[in-house]
Each structure stands twice: as C-alpha cells, then as structure tokens.
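Note: the block below is model-v7.txt and it holds compact mmCIF, C-alpha atoms.
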```txt
# COMPACT_ATOMS: atom_id res chain seq x y z
CA MET A 1 -77.90 -2.27 93.75
CA THR A 2 -78.38 1.48 93.51
CA PRO A 3 -81.16 3.56 91.99
CA ILE A 4 -80.16 5.69 89.03
CA GLN A 5 -82.17 7.88 86.69
CA ILE A 6 -79.90 10.25 84.79
CA THR A 7 -78.79 9.40 81.29
CA ALA A 8 -75.25 10.55 80.54
CA VAL A 9 -75.44 14.13 79.23
CA LYS A 10 -72.78 15.88 77.13
CA ARG A 11 -72.38 19.25 78.79
CA PRO A 12 -71.68 22.22 76.47
CA ALA A 13 -68.25 23.80 76.84
CA ALA A 14 -67.97 26.32 79.69
CA LEU A 15 -71.48 25.52 80.97
CA GLN A 16 -72.00 25.64 84.73
CA VAL A 17 -75.15 24.70 86.61
CA THR A 18 -75.42 26.28 90.04
CA ARG A 19 -78.00 27.36 92.59
CA ALA A 20 -79.95 30.51 91.69
CA LYS A 21 -79.08 33.65 93.66
CA ARG A 22 -80.51 37.15 93.95
CA GLN A 23 -77.89 38.50 91.55
CA HIS A 24 -79.41 36.31 88.80
CA ILE A 25 -82.97 37.68 89.07
CA LYS A 26 -82.66 40.43 86.42
CA ALA A 27 -81.35 37.93 83.84
CA LEU A 28 -84.02 35.39 84.81
CA VAL A 29 -86.77 37.94 84.18
CA ALA A 30 -85.26 38.74 80.77
CA ILE A 31 -85.21 35.04 79.82
CA GLU A 32 -88.80 34.66 80.98
CA GLN A 33 -89.87 37.58 78.79
CA ARG A 34 -88.13 36.09 75.75
CA CYS A 35 -89.33 32.52 76.22
CA PHE A 36 -92.96 32.88 77.27
CA SER A 37 -95.85 35.06 76.18
CA ILE A 38 -98.21 33.93 78.96
CA ASP A 39 -97.95 32.67 82.55
CA ARG A 40 -94.57 34.27 83.07
CA LEU A 41 -92.85 34.17 86.44
CA SER A 42 -92.45 37.70 87.78
CA GLN A 43 -89.42 39.30 89.41
CA ARG A 44 -91.27 39.05 92.70
CA SER A 45 -91.85 35.30 92.19
CA PHE A 46 -88.20 34.66 91.34
CA LYS A 47 -87.15 36.61 94.42
CA ARG A 48 -89.55 34.65 96.65
CA PHE A 49 -88.35 31.26 95.38
CA ILE A 50 -84.71 32.25 96.00
CA GLU A 51 -85.04 34.05 99.34
CA GLN A 52 -87.48 31.56 100.88
CA ASP A 53 -85.43 28.61 99.60
CA ILE A 54 -88.47 27.01 98.00
CA GLY A 55 -87.65 23.78 96.19
CA ASP A 56 -84.50 23.45 94.09
CA PHE A 57 -83.77 26.41 91.83
CA ALA A 58 -80.76 26.16 89.48
CA VAL A 59 -79.38 28.42 86.76
CA ALA A 60 -77.22 27.56 83.76
CA LEU A 61 -74.24 29.89 83.26
CA ILE A 62 -71.86 30.39 80.36
CA ASP A 63 -69.04 32.81 81.18
CA GLN A 64 -71.13 33.93 84.18
CA GLN A 65 -74.06 34.83 81.90
CA VAL A 66 -77.41 33.27 82.85
CA VAL A 67 -78.59 31.29 79.83
CA GLY A 68 -81.32 29.17 81.41
CA TYR A 69 -82.89 27.86 84.60
CA CYS A 70 -84.92 25.03 86.10
CA LEU A 71 -87.14 25.14 89.18
CA VAL A 72 -88.28 21.98 90.98
CA ILE A 73 -90.80 22.08 93.82
CA TYR A 74 -92.05 19.32 96.10
CA ARG A 75 -95.30 18.31 97.74
CA GLN A 76 -94.80 17.50 101.40
CA GLY A 77 -95.47 13.90 102.39
CA THR A 78 -95.23 12.52 98.85
CA GLN A 79 -92.55 11.10 96.59
CA LEU A 80 -93.64 13.45 93.80
CA ALA A 81 -91.43 16.22 92.38
CA ARG A 82 -92.79 18.88 90.01
CA LEU A 83 -90.72 20.62 87.37
CA TYR A 84 -92.41 23.94 87.99
CA SER A 85 -90.64 25.83 85.21
CA MET A 86 -87.68 25.49 82.89
CA ALA A 87 -86.40 27.82 80.16
CA VAL A 88 -83.33 28.42 77.99
CA ASP A 89 -82.47 31.79 76.41
CA PRO A 90 -83.42 31.56 72.70
CA ASP A 91 -79.89 32.66 71.71
CA PHE A 92 -78.49 29.56 73.43
CA GLN A 93 -81.03 26.95 72.45
CA ARG A 94 -80.17 23.75 70.50
CA GLN A 95 -76.88 23.42 72.37
CA GLY A 96 -77.93 20.76 74.87
CA ILE A 97 -78.52 23.22 77.70
CA GLY A 98 -82.15 22.15 78.15
CA THR A 99 -81.05 18.53 78.44
CA CYS A 100 -78.46 19.47 81.07
CA LEU A 101 -81.01 21.44 83.08
CA LEU A 102 -83.49 18.55 82.90
CA ALA A 103 -80.78 16.16 84.11
CA GLU A 104 -80.04 18.53 87.01
CA ALA A 105 -83.74 18.69 87.90
CA GLU A 106 -83.95 14.90 87.97
CA ARG A 107 -80.75 14.64 90.00
CA VAL A 108 -81.92 16.91 92.80
CA ALA A 109 -85.33 15.20 92.87
CA ASP A 110 -83.62 11.81 93.15
CA ASP A 111 -81.43 13.15 95.98
CA ARG A 112 -84.67 13.85 97.83
CA HIS A 113 -85.77 10.24 97.13
CA CYS A 114 -88.63 11.29 94.87
CA LEU A 115 -90.25 8.54 92.84
CA PHE A 116 -91.77 10.63 90.04
CA MET A 117 -91.13 13.89 88.22
CA ARG A 118 -94.24 15.62 86.87
CA LEU A 119 -94.61 18.72 84.68
CA GLU A 120 -97.06 20.64 82.50
CA VAL A 121 -96.49 21.65 78.87
CA GLN A 122 -98.67 23.69 76.54
CA VAL A 123 -100.17 21.21 74.07
CA ASP A 124 -98.81 23.05 71.03
CA ASN A 125 -95.25 23.43 72.40
CA GLN A 126 -93.79 20.80 70.12
CA ALA A 127 -90.14 21.56 70.94
CA ALA A 128 -90.66 21.08 74.69
CA LEU A 129 -92.75 17.94 74.17
CA ALA A 130 -90.05 16.47 71.93
CA LEU A 131 -87.42 17.12 74.63
CA TYR A 132 -89.44 15.46 77.38
CA HIS A 133 -90.57 12.51 75.29
CA ARG A 134 -86.96 11.94 74.23
CA HIS A 135 -86.04 11.64 77.90
CA HIS A 136 -88.75 9.08 78.69
CA TYR A 137 -91.57 11.30 79.98
CA PHE A 138 -95.01 9.84 79.32
CA ASP A 139 -98.29 11.64 78.71
CA LEU A 140 -100.33 11.30 81.89
CA ASP A 141 -103.35 13.59 81.57
CA MET A 142 -104.77 16.71 79.93
CA ARG A 143 -105.85 19.83 81.79
CA ALA A 144 -108.28 21.97 79.81
CA GLU A 145 -107.92 25.77 79.83
CA TYR A 146 -104.91 25.55 82.13
CA TYR A 147 -103.03 28.66 80.97
CA GLU A 148 -103.94 32.35 81.00
CA ASP A 149 -105.04 32.27 77.37
CA ASP A 150 -107.29 29.25 78.10
CA SER A 151 -105.00 26.89 76.19
CA ASP A 152 -104.72 23.30 77.37
CA ALA A 153 -101.81 21.70 79.21
CA LEU A 154 -100.49 18.19 78.75
CA ILE A 155 -99.35 16.57 82.00
CA LEU A 156 -96.21 14.47 81.67
CA GLN A 157 -94.58 12.18 84.21
CA LYS A 158 -91.42 10.11 84.53
CA LEU A 159 -90.34 7.40 86.94
CA LEU A 160 -87.00 8.59 88.30
CA PRO A 161 -85.19 5.72 90.07
CA ARG A 162 -83.96 2.75 88.11
CA TYR A 163 -82.69 -0.59 89.30
CA GLU A 164 -79.03 -1.03 88.40
CA HIS A 165 -77.65 -4.52 88.16
CA SER A 166 -74.32 -5.40 89.68
CA GLU A 167 -71.29 -5.88 87.47
CA ASN A 168 -71.59 -9.64 87.95
CA SER A 169 -72.15 -11.04 84.47
CA GLU A 170 -74.42 -13.74 85.92
CA ASP A 171 -76.82 -11.12 87.28
CA ARG A 172 -80.01 -11.31 85.22
CA ARG A 173 -83.40 -9.67 85.35
CA VAL A 174 -86.59 -11.44 86.31
CA PRO A 175 -88.83 -11.21 83.23
CA LEU A 176 -92.12 -9.32 83.40
CA LEU A 177 -95.38 -11.09 82.54
CA THR A 178 -98.71 -9.31 82.54
CA GLN A 179 -101.74 -11.07 84.00
CA SER A 180 -104.44 -11.80 81.43
CA THR A 181 -107.41 -11.53 83.84
CA ASP A 182 -108.39 -9.32 86.75
CA PHE A 183 -107.91 -12.15 89.24
CA THR A 184 -104.70 -13.97 88.27
CA CYS A 185 -102.01 -11.69 89.70
CA GLY A 186 -100.77 -14.55 91.91
CA PRO A 187 -100.41 -17.07 89.07
CA ALA A 188 -98.74 -14.45 86.84
CA SER A 189 -96.23 -13.73 89.62
CA LEU A 190 -95.47 -17.44 89.97
CA LEU A 191 -95.05 -17.79 86.19
CA MET A 192 -92.48 -14.97 86.26
CA ALA A 193 -90.53 -16.82 88.97
CA LEU A 194 -90.69 -20.09 87.04
CA THR A 195 -89.34 -18.38 83.91
CA TYR A 196 -86.51 -16.80 85.91
CA TYR A 197 -85.49 -20.19 87.28
CA GLY A 198 -85.36 -21.71 83.81
CA GLN A 199 -88.74 -23.43 83.87
CA PRO A 200 -90.94 -21.32 81.56
CA SER A 201 -94.38 -22.63 80.71
CA ASP A 202 -94.96 -23.86 77.18
CA ASP A 203 -98.46 -22.36 77.34
CA PRO A 204 -98.51 -19.56 79.96
CA TYR A 205 -101.91 -18.30 78.77
CA HIS A 206 -103.60 -21.52 79.93
CA GLU A 207 -101.14 -22.34 82.72
CA GLU A 208 -102.09 -19.06 84.40
CA LEU A 209 -105.67 -20.32 84.88
CA GLU A 210 -104.49 -23.80 85.85
CA ILE A 211 -102.48 -22.28 88.70
CA TRP A 212 -105.46 -20.14 89.65
CA ARG A 213 -107.73 -23.20 89.81
CA GLU A 214 -105.23 -24.92 92.10
CA ALA A 215 -104.59 -21.94 94.36
CA THR A 216 -107.84 -20.01 94.61
CA THR A 217 -109.48 -19.79 98.03
CA ILE A 218 -112.71 -18.09 96.98
CA TYR A 219 -116.03 -19.84 96.59
CA MET A 220 -119.48 -18.55 95.59
CA THR A 221 -118.55 -14.87 95.78
CA SER A 222 -119.69 -12.20 93.37
CA GLY A 223 -116.99 -12.16 90.72
CA HIS A 224 -113.86 -14.21 90.47
CA GLY A 225 -111.74 -14.81 93.52
CA GLY A 226 -108.01 -14.59 94.01
CA CYS A 227 -105.38 -17.00 95.24
CA GLY A 228 -104.27 -17.71 98.79
CA PRO A 229 -100.67 -18.03 99.96
CA HIS A 230 -100.92 -21.73 100.84
CA GLY A 231 -102.38 -22.58 97.45
CA LEU A 232 -99.69 -20.62 95.64
CA ALA A 233 -97.01 -22.44 97.64
CA ARG A 234 -98.51 -25.79 96.62
CA ALA A 235 -98.62 -24.70 92.98
CA ALA A 236 -94.95 -23.70 93.15
CA LEU A 237 -93.99 -27.08 94.64
CA LYS A 238 -95.95 -28.95 91.98
CA ARG A 239 -93.92 -27.15 89.29
CA GLY A 240 -90.55 -28.01 90.76
CA LEU A 241 -89.71 -24.99 92.91
CA GLN A 242 -88.91 -24.91 96.61
CA ALA A 243 -91.30 -22.84 98.72
CA GLU A 244 -91.23 -21.24 102.14
CA LEU A 245 -94.21 -19.44 103.62
CA TYR A 246 -94.58 -16.40 105.89
CA VAL A 247 -98.08 -15.60 107.14
CA SER A 248 -99.16 -13.29 109.93
CA GLN A 249 -101.47 -15.86 111.54
CA SER A 250 -101.87 -19.61 111.75
CA GLY A 251 -104.66 -21.36 109.90
CA PRO A 252 -106.82 -19.92 107.11
CA VAL A 253 -106.29 -16.26 106.19
CA LEU A 254 -108.19 -13.43 104.50
CA LEU A 255 -111.61 -14.46 105.80
CA ASP A 256 -112.42 -11.24 107.67
CA SER A 257 -114.32 -9.61 104.80
CA VAL A 258 -116.47 -12.70 104.12
CA ARG A 259 -119.90 -12.11 105.65
CA ASN A 260 -121.65 -15.33 104.66
CA ASP A 261 -120.82 -18.10 107.13
CA ASP A 262 -121.31 -20.88 104.57
CA LYS A 263 -118.85 -19.26 102.18
CA LYS A 264 -116.39 -18.66 104.99
CA GLN A 265 -116.52 -22.34 106.03
CA VAL A 266 -115.87 -23.57 102.49
CA MET A 267 -112.96 -21.15 102.06
CA ALA A 268 -111.51 -22.24 105.40
CA ARG A 269 -111.74 -25.92 104.40
CA ILE A 270 -109.90 -25.24 101.13
CA GLN A 271 -107.07 -23.54 103.00
CA GLU A 272 -106.95 -26.19 105.69
CA ALA A 273 -106.44 -28.81 102.96
CA ASP A 274 -103.61 -26.73 101.52
CA ILE A 275 -102.00 -26.34 104.93
CA MET A 276 -102.11 -30.08 105.64
CA ALA A 277 -100.58 -30.81 102.23
CA LEU A 278 -97.75 -28.35 102.92
CA GLN A 279 -97.15 -29.89 106.33
CA LYS A 280 -96.82 -33.35 104.77
CA GLN A 281 -94.22 -31.99 102.39
CA ARG A 282 -92.44 -30.31 105.29
CA VAL A 283 -92.68 -26.86 103.79
CA PRO A 284 -91.48 -24.25 106.33
CA MET A 285 -94.43 -22.10 107.42
CA HIS A 286 -93.49 -19.16 109.62
CA ILE A 287 -96.18 -17.42 111.65
CA GLY A 288 -95.50 -13.75 112.23
CA ASP A 289 -94.01 -10.78 110.43
CA TYR A 290 -91.87 -10.97 107.31
CA SER A 291 -89.35 -8.19 107.79
CA VAL A 292 -87.47 -6.19 105.17
CA ALA A 293 -84.26 -7.53 106.72
CA GLN A 294 -85.39 -11.11 106.07
CA LEU A 295 -86.54 -10.09 102.61
CA ARG A 296 -83.04 -8.82 101.78
CA LEU A 297 -81.48 -12.06 103.05
CA ASP A 298 -83.79 -14.14 100.88
CA LEU A 299 -83.15 -12.03 97.78
CA ALA A 300 -79.39 -12.24 98.38
CA ALA A 301 -79.75 -16.05 98.31
CA ASP A 302 -81.28 -15.83 94.81
CA LYS A 303 -84.81 -16.39 96.07
CA LEU A 304 -87.87 -14.48 94.84
CA VAL A 305 -90.84 -13.39 96.93
CA ILE A 306 -94.49 -13.43 95.91
CA ALA A 307 -96.01 -10.88 98.31
CA LEU A 308 -99.58 -9.85 99.05
CA ILE A 309 -100.08 -6.09 99.07
CA SER A 310 -102.97 -3.67 99.24
CA THR A 311 -103.12 -1.31 96.25
CA TYR A 312 -104.71 1.45 98.38
CA VAL A 313 -101.49 3.44 98.81
CA PHE A 314 -101.08 3.50 95.01
CA ASP A 315 -104.56 4.01 93.59
CA GLY A 316 -106.88 4.62 96.56
CA ILE A 317 -108.67 1.29 96.02
CA LYS A 318 -108.57 -1.32 98.77
CA ALA A 319 -107.85 -4.42 96.73
CA PRO A 320 -105.57 -7.40 97.51
CA HIS A 321 -102.87 -7.85 94.90
CA TRP A 322 -99.96 -10.26 94.45
CA VAL A 323 -96.64 -8.91 93.14
CA LEU A 324 -93.23 -10.48 92.64
CA ILE A 325 -90.39 -8.90 94.65
CA CYS A 326 -87.15 -9.17 92.66
CA ALA A 327 -84.62 -6.98 94.49
CA ALA A 328 -84.14 -4.54 97.37
CA ASP A 329 -81.60 -1.99 98.50
CA GLU A 330 -81.41 0.61 101.28
CA GLN A 331 -84.10 2.83 99.73
CA PHE A 332 -86.36 0.72 97.56
CA VAL A 333 -88.05 -2.63 97.16
CA TYR A 334 -88.17 -3.51 93.45
CA ILE A 335 -91.24 -5.36 92.20
CA ASN A 336 -92.50 -6.86 88.98
CA ASP A 337 -96.15 -5.84 88.87
CA PRO A 338 -98.23 -8.18 86.71
CA ASP A 339 -101.18 -5.77 86.56
CA GLN A 340 -100.81 -3.05 83.94
CA ASP A 341 -103.67 -1.12 85.61
CA THR A 342 -101.91 -0.54 88.96
CA PHE A 343 -99.61 2.07 87.41
CA PRO A 344 -101.38 2.79 84.08
CA TRP A 345 -99.05 5.65 83.17
CA GLN A 346 -96.02 3.35 83.16
CA SER A 347 -94.89 1.26 80.23
CA ALA A 348 -94.27 -2.47 80.59
CA SER A 349 -90.52 -1.90 80.89
CA GLU A 350 -91.12 0.50 83.78
CA ARG A 351 -93.28 -2.01 85.64
CA GLN A 352 -90.30 -4.37 85.60
CA TYR A 353 -88.24 -3.75 88.75
CA LEU A 354 -90.61 -0.94 89.71
CA PRO A 355 -89.00 0.89 92.67
CA ILE A 356 -91.23 1.23 95.74
CA PRO A 357 -89.83 3.29 98.64
CA ILE A 358 -89.42 1.03 101.65
CA ALA A 359 -91.74 3.17 103.80
CA THR A 360 -94.42 2.93 101.09
CA PHE A 361 -93.91 -0.82 100.76
CA ASN A 362 -94.32 -1.26 104.52
CA ARG A 363 -97.68 0.52 104.30
CA ALA A 364 -98.76 -1.55 101.30
CA PHE A 365 -97.57 -4.96 102.56
CA GLY A 366 -100.63 -6.70 103.98
CA PHE A 367 -104.37 -6.53 103.48
CA GLY A 368 -107.53 -5.98 105.47
CA SER A 369 -108.38 -4.23 108.71
CA ARG A 370 -105.94 -6.47 110.59
CA LYS A 371 -103.35 -6.08 107.84
CA GLN A 372 -102.86 -9.80 107.32
CA LYS A 373 -99.52 -10.43 105.65
CA ALA A 374 -98.48 -13.25 103.37
CA ALA A 375 -95.30 -13.95 101.44
CA VAL A 376 -94.39 -17.03 99.43
CA VAL A 377 -90.61 -17.32 99.09
CA VAL A 378 -89.66 -19.46 96.10
CA SER A 379 -86.35 -20.75 94.81
CA CYS A 380 -84.69 -23.50 92.80
CA PRO A 381 -84.24 -26.77 94.72
CA GLN A 382 -80.45 -26.34 94.81
CA THR A 383 -80.85 -22.89 96.39
CA LEU A 384 -82.19 -24.42 99.61
CA ALA A 385 -80.16 -27.61 99.47
```
Serialized structure, structure tokens:
Amino acid sequence: MTPIQITAVKRPAALQVTRAKRQHIKALVAIEQRCFSIDRLSQRSFKRFIEQDIGDFAVALIDQQVVGYCLVIYRQGTQLARLYSMAVDPDFQRQGIGTCLLAEAERVADDRHCLFMRLEVQVDNQAALALYHRHHYFDLDMRAEYYEDDSDALILQKLLPRYEHSENSEDRRVPLLTQSTDFTCGPASLLMALTYYGQPSDDPYHEELEIWREATTIYMTSGHGGCGPHGLARAALKRGLQAELYVSQSGPVLLDSVRNDDKKQVMARIQEADIMALQKQRVPMHIGDYSVAQLRLDLAADKLVIALISTYVFDGIKAPHWVLICAADEQFVYINDPDQDTFPWQSASERQYLPIPIATFNRAFGFGSRKQKAAVVVSCPQTLA
C-alpha cells in the first residue's frame, strides 16, 4: 500500500522540468510580464526564491528555453503545500506544459509528505480554473479584493495522497456510508464494516438508529448522545461479527466531562451492563494502549477498526467522533469518515480511504483531558477462528 497522487501525464517532446537557477531569471521575468497584468513576481523575488532555496521552484525547458515555471512553498509544521505561482509562456500554451508543471508541483509536495495542495486563482481566469478542476481541485473559499486591482480570488484545494490497492485481485475497498444524523458516527462505521464483510443491512437508514439505541451511553444530556465502545462491540456481535476491544482504562469510559452525578451513575450502569455481557461472551477486552503496530497487524488479518478520535486536530472543535480505519502503511492511516462535515471541502470519494499522517492520527486518537482511547476491532467469524 503506497500513497500516490499523480495522474499519468503525456510529456511534450523535448520538454524538461528542472530546478530553477539564477541563469533562468531573465526568462522568468519575461514570462511573468506576458502572462500577468497584476501581482507579478519581480526579478528580485525570483532571485530571492532561488538563492534562499525557498520551497520547490521548477522551470520547464524546451531546447534549453524557459517556457514555464511552478513555485511551491510550505508552511512549517503543517501538511499543507501552496502552489504560490505557475505560468506558461503564451507561445507554448495548449501543449500540456501546464499539466506537466502541475504534476511536478504535486510530486514534490508529496515527497515532503504534504496532505493538501492549495492555490489561489483570479475568479475570471477561466483557463486556469478549467485546468485545476480537470485535475481534481475543489473550490474551497473566496477571498474578496485579493489582488492588486481589488479582484477576488477563488481558493482551490486538492487532497494529494491516494490509497493504492495491491495487485491482489481479491483486494477490495471498504464502502463509504455517510451518517444521517449528528450523533450516529459509530453506527455508520459499523454499517460500513458489515457491508464490507458481506452482511449489508436491508434498511441502513433505520438500522443506523437501531444500533445507536443499543450502543449509546448517554442519558439525560442536552442533545443526543453518542455510542460507547462496549455498546458498539455488542452491536457488532449481535449482527454476526467477531469483536475485540481495546480501551485505555477498565470499567466505564468517557465520564470525565459529565458534571451531574445522577447522569454519570446512569451512564456508568449502562456501560457496566455492556461490559458484563461482553465478558459472558468471552470477548477479548484489552486495557491499555492500542498501538499503530497492532493496528497494522489487525488490518493485515483482514480486520477493520472502529476508532474513537477527537476532531480537534482537523477542525479546532473538541468533539468525539468514530471513524472506520481501513488500511495503513508507513506514512498514513486510511479512514472512512462517515461525517461529511469533518472535511467539508472533500467529496464523498475523497472521504473514502482518507489518508491521515500517522503523527496526526496519534494526536487525534483518543478523547478528553486524559485522552481516553477506544478501538473496536471487528472481523468475520472465520477471521478469528
């Protein structure tokens, strides 16, 4: 399993893409003058980017003539790359050079393990917008009066890494299902696993709430409550899957934020009943950490993992959220995210096997001030036999 992001590009004859050097500056300035009427990069700016080795700066050459360039810069401490500027000499446009430069920009960003590429385009630049939309960039935001002439900019973004299946013909993707309520991420994750293992629900719209009723641990709170790990494990068993549980502490979990003692006692009793039921069915319940190494072993055995994360590292909101982990490699954990609002700029297909850098996943895995962790490992009965 390796992340990929570059679509095969037919390179024009004699085209070379190489790192920008000082000897290219004069030609770069000329291209800038021909391509842009506002917000041009100056000779001084080109020189600074080259001499200070800022970002990744590449030029396109045909017979040693500079015919275009792309400049990618990075924000320290993030997985975000920015296509700062890209241009092709008008005399050489419509030959696929822009596509080749865009592919190069994505390649170098992927080499730096960036998760997203972001860029700005003048709203009336239809040719540039067509190029980016054709290569799967999505409109993210609008910035009013962004350019020197007070024209607006459209912000575009693309998810760079992609999960690549092995050549094994039996390798198949876990389907993506979107939760239908704000509080059924756990049931939606379980429904995805059931579908993958050949047990799809005949009525997932209602089954989602049935699972929630069985697995919820919340009582008398403001708003609807979510599911607990023990309840989700019981729901998985009831529907014919095997389950194994990893929790960071014994007994009831996720009670720290409950201030009302009566509510806390009821929630604890619900979980205690779930725990006793799992013990009777001899479901393995491991107390302690669930490591990435163990995660990889489970995934390699054709198991899936319903994991509790905090969405804070993604959207700045401290909310518990269940996701389904489908795959992992040396760089990324790949999740199916049932909530279309977690990454609203991504299409449904991009939320399937969404790559999360392992360091980011480690920060997200767990919830609360004590970072309580929970993972429900599910599989077909024959998998654990």
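Considering only C-alpha atoms, the residue among A:Asp89, A:Asp182, A:Asp149, A:Glu244 positioned nearest to Pro320 of chain A is A:Asp182.
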Could you put an axis-aligned box around every listed atom of segment 142-153 of chain A, padded by 5 Å on each side, and send me its centre and edge lengths in Å to one decimal, as AutoDock Vina command-line options?
```
--center_x -105.0 --center_y 24.5 --center_z 79.2 --size_x 16.5 --size_y 25.6 --size_z 15.9
```
(request) Find the residues around segment 362-378 of chain A up to 7 Å (only C-alpha atoms counted), leave out those fewer than 5 positions away in its own chain, and share them as a list in words. (result) Pro229, Ala233, Leu241, Gln242, Ala243, Glu244, Leu245, Tyr246, Val247, Ser248, Lys303, Leu304, Val305, Ile306, Ala307, Leu308, Ile309, Ser310, Thr311, Val313 and Pro320 of chain A
(request) Tell me, as a ChimeraX atom specification, which residues lie within 7 Å of Ala215 of chain A, counting all atoms listed in the file; anything in the same chain fewer than 5 positions away does not count. (result) /A:227-228,231-232,235
Save the residues we just selected, C-alpha atoms, as a compact mmCIF listing (two decimals), in the frame of the given file?
```
# COMPACT_ATOMS: atom_id res chain seq x y z
CA CYS A 227 -105.38 -17.00 95.24
CA GLY A 228 -104.27 -17.71 98.79
CA GLY A 231 -102.38 -22.58 97.45
CA LEU A 232 -99.69 -20.62 95.64
CA ALA A 235 -98.62 -24.70 92.98
```
(message) I'd like the interatomic distance between atom CA of His113 of chain A and atom CA of Phe46 of chain A, to a tenth of an Å.
(response) 25.2 Å
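Atom CA of Leu140 of chain A to atom CA of Gln157 of chain A spans 6.3 Å [interatomic distance, one decimal].
As for atom CA of Asp111 of chain A and atom CA of Val17 of chain A, they are spaced 16.1 Å apart.
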(message) My list of candidates is A:Gln126, A:Gln16, A:Thr99, A:Thr178. Which is closest to Leu154 of chain A when distances are computed with all atoms listed in the file?
(response) A:Gln126
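Compared by their closest atoms to Ser201 of chain A, and using only C-alpha atoms, the residues A:Ile287, A:Ala268, A:Val253, A:Leu177 rank with A:Leu177 nearest.
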(request) Could you please give me, as a ChimeraX atom specification, the residues of protein, DNA or RNA lying at most 12 Å from (-98.0, 12.1, 82.1) in the coordinate frame of the file, considering all atoms listed in the file? (result) /A:82,116-121,129,132-133,136-143,153-159,343-347
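Using all atoms listed in the file, the shortest contact distance between Ala27 of chain A and any of A:Val88, A:Val72, A:Leu101, A:Leu15 is found at A:Val88.
In terms of minimum interatomic distance to Thr195 of chain A, A:Ser379 ranks closest within A:Gln23, A:Ser45, A:Ala128, A:Ser379, counting only C-alpha atoms.
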(message) Using all atoms listed in the file for the distances, tell me which of A:Gly251, A:Gly240, A:Pro338, A:Gly198 is nearest to Met285 of chain A.
(response) A:Gly251
(request) Name all residues at most 12 Å from Ala293 of chain A (count all atoms listed in the file; drop same-chain ones fewer than 2 positions away) and give them as a ChimeraX atom specification. (result) /A:289-291,295-300,328-330,333,358
